[in-house]
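Structure first, then comments.
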Amino acid sequence: MARPEGVERILRNAAPHELFDKIRDVLAQRYGAHAVELLMVDYAMTRLQPVTELPSTAEPLSVHTSAPGRAFGSQEAYVVAEGSGVTAHLPVSVRGDRIAVLSVGLPSEEYAASVLPELQDVADALAHEIVVAERDTDVFLRARRATRLTLAAEMQWQLLPGRSCARPEYALGGQLEPAYAIYGDSFDWSASAEHLTLTVNNGMGEGIDAALLTNLAVSALRNARRAGLGLVDQASLADQAVYGQYQGRQHLAMLLLRFSLGTGEVDVIDAGSPRIWRLRQGAVEQIELEAQLPLGMFEDTIYTCQRFHVEPGDRLFFLSDGVYDVASPGGEPYSRHALSRAITNTRLLPPSQVPRAILEELAGHRGQIEAADDAMVVCLDWRGRPDPGADADPSGSGV
């Protein structure tokens with residue numbers, strides 16, 4: 001059988017566009033695989049699309065109703081017996097970011113439950129290499145597209161850090177809609193040993209103008225963060241960058257948060273921002289903050305931090321106005337009650353699946369009416385950092 005480190009070496013030495021071919025060869029030679037398929041999830045997170053028939057992918061499969069979709073949703077291997085063989089569907093994910101499913105068909109005599117962890121190691125190795133390869137090839141990015149992206153959507157998707165991530169202290173998931181023609185909404189995150197920084201943006205305008213505004217603001221925030229500046233200076237630098245470019249004609253609403261991984265204290269700057277909701281012990285409530293001026297509205301705006309606390313088990317939602325402003329065909333707005341119901345109904349889903357589920361409910365409320373604005377949902381589950389002394393013997397005897 002293939003050792004994972006051997007597979008990793010093969011993938012590292014492969015040309016970026018040949019990763020799938022190399023994996024298929026390895027699985028055939030070492031595991032007797034007679035069929036191998038790599039299915040990339042599309043931007044809307046609703047379909048799994050094969051990479052094998054580019055430039056147009058083969059017939060996609062549903063994330064919700066297919067066997068590969070079951071592995072994608074559960075993030076666990078799912079094995080299906082088929083005649084004289086079995087097909088193992090394996091999630092392809094990196095640090096909680098779900099990107100694909102690897103389906104491997106094996107003869108029954110070659111399959112044993114003990115081989116499943118090895119196949120998953122192969123899928124994990126492939127996931128890491130796909131993320132690196134996307135810098136140098138369009139093969140995997142093209143396979144994610146169910147239809148052509150607008151130029152603005154292309155710019156926005158390239159700006160995102162991913163659509164989900166996970167660490168022991170937290171798990172995050174985010175989604176934008178309409179996925180193939182988004183405007184100015186965006187999110188960003190970055191983690192260090194002690195902090196998680198999360199930015200949620202709601203830009204004004206539409207099309208290229210909105211995408212350029214958002215790119216400028218997010219790049220300015222990243223530049224300040226990577227220079228080691230605090231939250232207030234990050235907001236001030238981004239505010240100056242946007243005002244310097246647009247002189248107040250365009251501006252961008254933003255939430256900028258920094259979570260202490262050790263204590264759960266959250267410093268936050270609310271610059272006319274998307275809103276925060278919290279699900280705690282079954283109760284849904286909005287976290288009220290003092291809204292400050294959006295980035296770039298006036299010259300030399302002074303920003304101040306506010307603070308709140310998260311507890312293990314809390315789930316936070318960050319929602320753009322494209323969620324609140326949606327109306328039904330009869331003109332009924334998407335109410336606070338409907339949002340609370342959606343938050344409660346998705347409480348058992350992992351954060352990576354929650355944004356998609358809420359946006360689908362929102363689309364059902366809107367009906368056939370075309371969306372007039374972006375809708376963005378970011379979900380954060382807070383687990384907290386375990387107390388290193390929690391399991392220690394309080395007597396100190398070690399007995």
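Ligands are numbered from 1 in the order shown, residues from 1 within each chain, and chains are lettered A, B, ... in the order they appear in the structure tokens.
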
- Query: segment 20-207 of chain A: which residues are strand (DSSP E or B) by DSSP, as a PyMOL selection string?
  - Reply: chain A and resi 35-41+47-50+61-62+78-82+85-94+97-107+164-167+170-177+185-191+195-203

- Query: Near Val104 of chain A, counting only C-alpha atoms, which residues have an atom at most 12 Å away, once you skip same-chain residues fewer than 4 positions from it, shown as a PyMOL selection string?
  - Reply: chain A and resi 23-28+31-39+68+77-82+85-91+110-111+115-116+119-120+122-123

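The space separating atom CA of Thr304 of chain A from atom CA of Ile269 of chain A comes to 6.5 Å.
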
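Coordinates place atom CA of His128 of chain A at a distance of 16.4 Å from atom CA of Arg167 of chain A.
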
- Task: Would you list the contacts of Glu59 of chain A as an MDAnalysis selection string, taking every protein, DNA or RNA residue within 12 Å and counting only C-alpha atoms, but skipping same-chain residues closer than 4 positions in sequence?
- Result: chainID A and resid 39 47:54 143 146

Export N, CA and C atoms of the chosen residues as a compact mmCIF listing (two decimals), in the first residue's frame?
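out04.txt, written as the output of this step:
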# COMPACT_ATOMS: atom_id res chain seq x y z
N LEU A 39 -14.17 15.65 -7.92
CA LEU A 39 -15.35 16.51 -8.08
C LEU A 39 -15.16 17.78 -7.25
N ARG A 47 -23.25 22.17 -6.22
CA ARG A 47 -22.95 21.11 -7.18
C ARG A 47 -21.49 20.67 -7.05
N LEU A 48 -21.27 19.41 -7.39
CA LEU A 48 -19.93 18.85 -7.46
C LEU A 48 -19.62 18.58 -8.93
N GLN A 49 -18.54 19.17 -9.44
CA GLN A 49 -18.27 19.15 -10.87
C GLN A 49 -16.95 18.43 -11.16
N PRO A 50 -16.97 17.43 -12.06
CA PRO A 50 -15.75 16.69 -12.39
C PRO A 50 -14.73 17.56 -13.11
N VAL A 51 -13.46 17.28 -12.87
CA VAL A 51 -12.40 18.03 -13.54
C VAL A 51 -11.94 17.32 -14.81
N THR A 52 -12.54 16.21 -15.15
CA THR A 52 -11.97 15.32 -16.17
C THR A 52 -12.30 15.73 -17.60
N GLU A 53 -13.24 16.67 -17.81
CA GLU A 53 -13.63 17.00 -19.17
C GLU A 53 -13.60 18.50 -19.43
N LEU A 54 -12.49 19.12 -18.97
CA LEU A 54 -12.33 20.54 -19.24
C LEU A 54 -12.08 20.77 -20.73
N ALA A 143 -12.95 24.22 -13.04
CA ALA A 143 -13.87 23.12 -12.71
C ALA A 143 -14.90 23.52 -11.67
N ALA A 146 -20.04 26.57 -12.53
CA ALA A 146 -21.22 26.03 -13.20
C ALA A 146 -21.62 26.90 -14.37

Would you give me, as CSV, each residue of segment 197-296 of chain A having an atom within 9 Å of an atom of segment 309-322 of chain A, along with its shortest atom pair and that distance in Å to one decimal, using only C-alpha atoms and sorting by chain and residue number?
residue,atom,partner,partner_atom,distance
A:Val200,CA,A:Phe318,CA,7.4
A:Asn201,CA,A:Ser320,CA,8.0
A:Asn202,CA,A:Ser320,CA,6.3
A:Leu255,CA,A:Phe318,CA,8.8
A:Phe259,CA,A:Val310,CA,8.7
A:Thr263,CA,A:His309,CA,8.4
A:Gly264,CA,A:Val310,CA,5.1
A:Glu265,CA,A:His309,CA,4.7
A:Val266,CA,A:His309,CA,5.7
A:Asp267,CA,A:His309,CA,8.8
A:Ser273,CA,A:Ser320,CA,7.9
A:Pro274,CA,A:Ser320,CA,4.6
A:Arg275,CA,A:Leu319,CA,5.5
A:Ile276,CA,A:Phe318,CA,4.8
A:Trp277,CA,A:Phe317,CA,5.0
A:Arg278,CA,A:Leu316,CA,4.6
A:Leu279,CA,A:Arg315,CA,5.1
A:Arg280,CA,A:Asp314,CA,5.1
A:Gln281,CA,A:Asp314,CA,7.6

Export, as a short mmCIF file (atom, residue, chain, number, x, y, z; two decimals), in the first residue's frame, the selected residues with C-alpha atoms.
data_model
loop_
_atom_site.label_atom_id
_atom_site.label_comp_id
_atom_site.auth_asym_id
_atom_site.auth_seq_id
_atom_site.Cartn_x
_atom_site.Cartn_y
_atom_site.Cartn_z
CA VAL A 200 -16.89 41.61 7.17
CA ASN A 201 -17.50 44.25 4.48
CA ASN A 202 -20.59 45.64 2.76
CA LEU A 255 -17.07 45.15 10.87
CA PHE A 259 -10.98 37.54 19.06
CA THR A 263 -10.09 34.53 26.83
CA GLY A 264 -12.96 34.97 24.37
CA GLU A 265 -12.73 38.77 24.62
CA VAL A 266 -13.65 40.44 21.34
CA ASP A 267 -12.49 43.91 20.32
CA SER A 273 -21.49 47.60 9.38
CA PRO A 274 -23.25 44.36 8.67
CA ARG A 275 -25.03 43.14 11.80
CA ILE A 276 -24.09 40.51 14.37
CA TRP A 277 -26.48 37.93 15.78
CA ARG A 278 -25.71 35.43 18.51
CA LEU A 279 -27.19 32.03 19.25
CA ARG A 280 -26.49 31.18 22.88
CA GLN A 281 -28.13 28.28 24.69
#

- Query: So which one's closest to Leu339 of chain A, A:Asn13, A:Gln286, A:Ser108, A:Thr137? Using only C-alpha atoms, please.
  - Reply: A:Gln286

- Please report, as a PyMOL selection string, each residue of segment 195-344 of chain A to which DSSP assigns alpha helix (DSSP H) when run on this structure's backbone. chain A and resi 207-226+231-246+321-324+336-344

- Item | Counting only C-alpha atoms, the residue of A:Arg385, A:His251, A:Arg145, A:Arg98 that sits nearest Pro351 of chain A | A:Arg98

Once you count only C-alpha atoms, what closest atom pair and distance in Å to one decimal does each residue of segment 125-204 of chain A within 12 Å of segment 229-238 of chain A have, with rows by chain and rising residue number, as a Markdown table?
| residue | atom | partner | partner_atom | distance |
| --- | --- | --- | --- | --- |
| A:His195 | CA | A:Gly230 | CA | 11.8 |
| A:Leu196 | CA | A:Leu231 | CA | 12.0 |
| A:Thr197 | CA | A:Leu231 | CA | 9.2 |
| A:Leu198 | CA | A:Leu231 | CA | 10.7 |
| A:Thr199 | CA | A:Ala235 | CA | 10.5 |
| A:Asn201 | CA | A:Ala238 | CA | 11.9 |

Write a file of the just-selected residues containing C-alpha atoms, as a PDB file, in the first residue's frame.
ATOM      1  CA  HIS A 195      -5.903  35.979  17.978  1.00  0.00           C
ATOM      2  CA  LEU A 196      -8.426  35.581  15.181  1.00  0.00           C
ATOM      3  CA  THR A 197      -9.032  38.711  13.122  1.00  0.00           C
ATOM      4  CA  LEU A 198     -12.278  38.754  11.146  1.00  0.00           C
ATOM      5  CA  THR A 199     -13.424  41.430   8.706  1.00  0.00           C
ATOM      6  CA  ASN A 201     -17.499  44.255   4.484  1.00  0.00           C
TER       7      ASN A 201
END

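With distances restricted to only C-alpha atoms, A:Pro350 is the closest residue to Asp381 of chain A from A:Pro107, A:Pro294, A:Pro350, A:Pro178.
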
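The space separating atom CA of Gly282 of chain A from atom CA of Gly174 of chain A comes to 21.5 Å.
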
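Around Asp97 of chain A, within 8 Å and counting only C-alpha atoms, the residues found are Gly162, Arg163, Ser164, Cys165, Ala166 and Ser352 of chain A, once anything fewer than 6 positions away on its own chain is removed.
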
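Across A:Ala127, A:Ala253, A:Ala44, A:Val92, the tightest approach to Gly205 of chain A is made by A:Ala253 when counting only C-alpha atoms.
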
Which residues are close to Gln240 of chain A, i.e. within 10 Å by only C-alpha atoms, leaving aside same-chain residues fewer than 5 positions away? Reply as a PDB file with C-alpha atoms, in the first residue's frame.
ATOM      1  CA  ALA A 217     -10.465  48.480   1.447  1.00  0.00           C
ATOM      2  CA  ALA A 220      -5.564  48.336   2.984  1.00  0.00           C
ATOM      3  CA  ALA A 235      -9.481  50.970  10.364  1.00  0.00           C
ATOM      4  CA  GLN A 245      -9.217  57.468  -3.762  1.00  0.00           C
ATOM      5  CA  TYR A 246     -12.885  58.514  -3.784  1.00  0.00           C
ATOM      6  CA  GLN A 247     -13.027  61.750  -1.736  1.00  0.00           C
ATOM      7  CA  LEU A 295     -14.704  53.739   5.712  1.00  0.00           C
ATOM      8  CA  GLY A 296     -13.970  56.645   3.366  1.00  0.00           C
ATOM      9  CA  MET A 297     -17.070  58.733   4.062  1.00  0.00           C
ATOM     10  CA  PHE A 298     -15.118  61.656   5.585  1.00  0.00           C
ATOM     11  CA  GLU A 299     -11.477  62.591   5.903  1.00  0.00           C
ATOM     12  CA  ASP A 300      -9.556  61.527   9.038  1.00  0.00           C
ATOM     13  CA  THR A 301     -12.407  59.752  10.798  1.00  0.00           C
TER      14      THR A 301
END

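Nearest residue to Glu8 of chain A among A:Leu126, A:Ala211, A:Leu257, A:Val218 is A:Leu126, counting only C-alpha atoms.
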
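Ranking A:Trp189, A:Phe308, A:Tyr170, A:Tyr43 by their shortest atom-to-atom distance to Arg142 of chain A, with only C-alpha atoms included, puts A:Tyr43 first.
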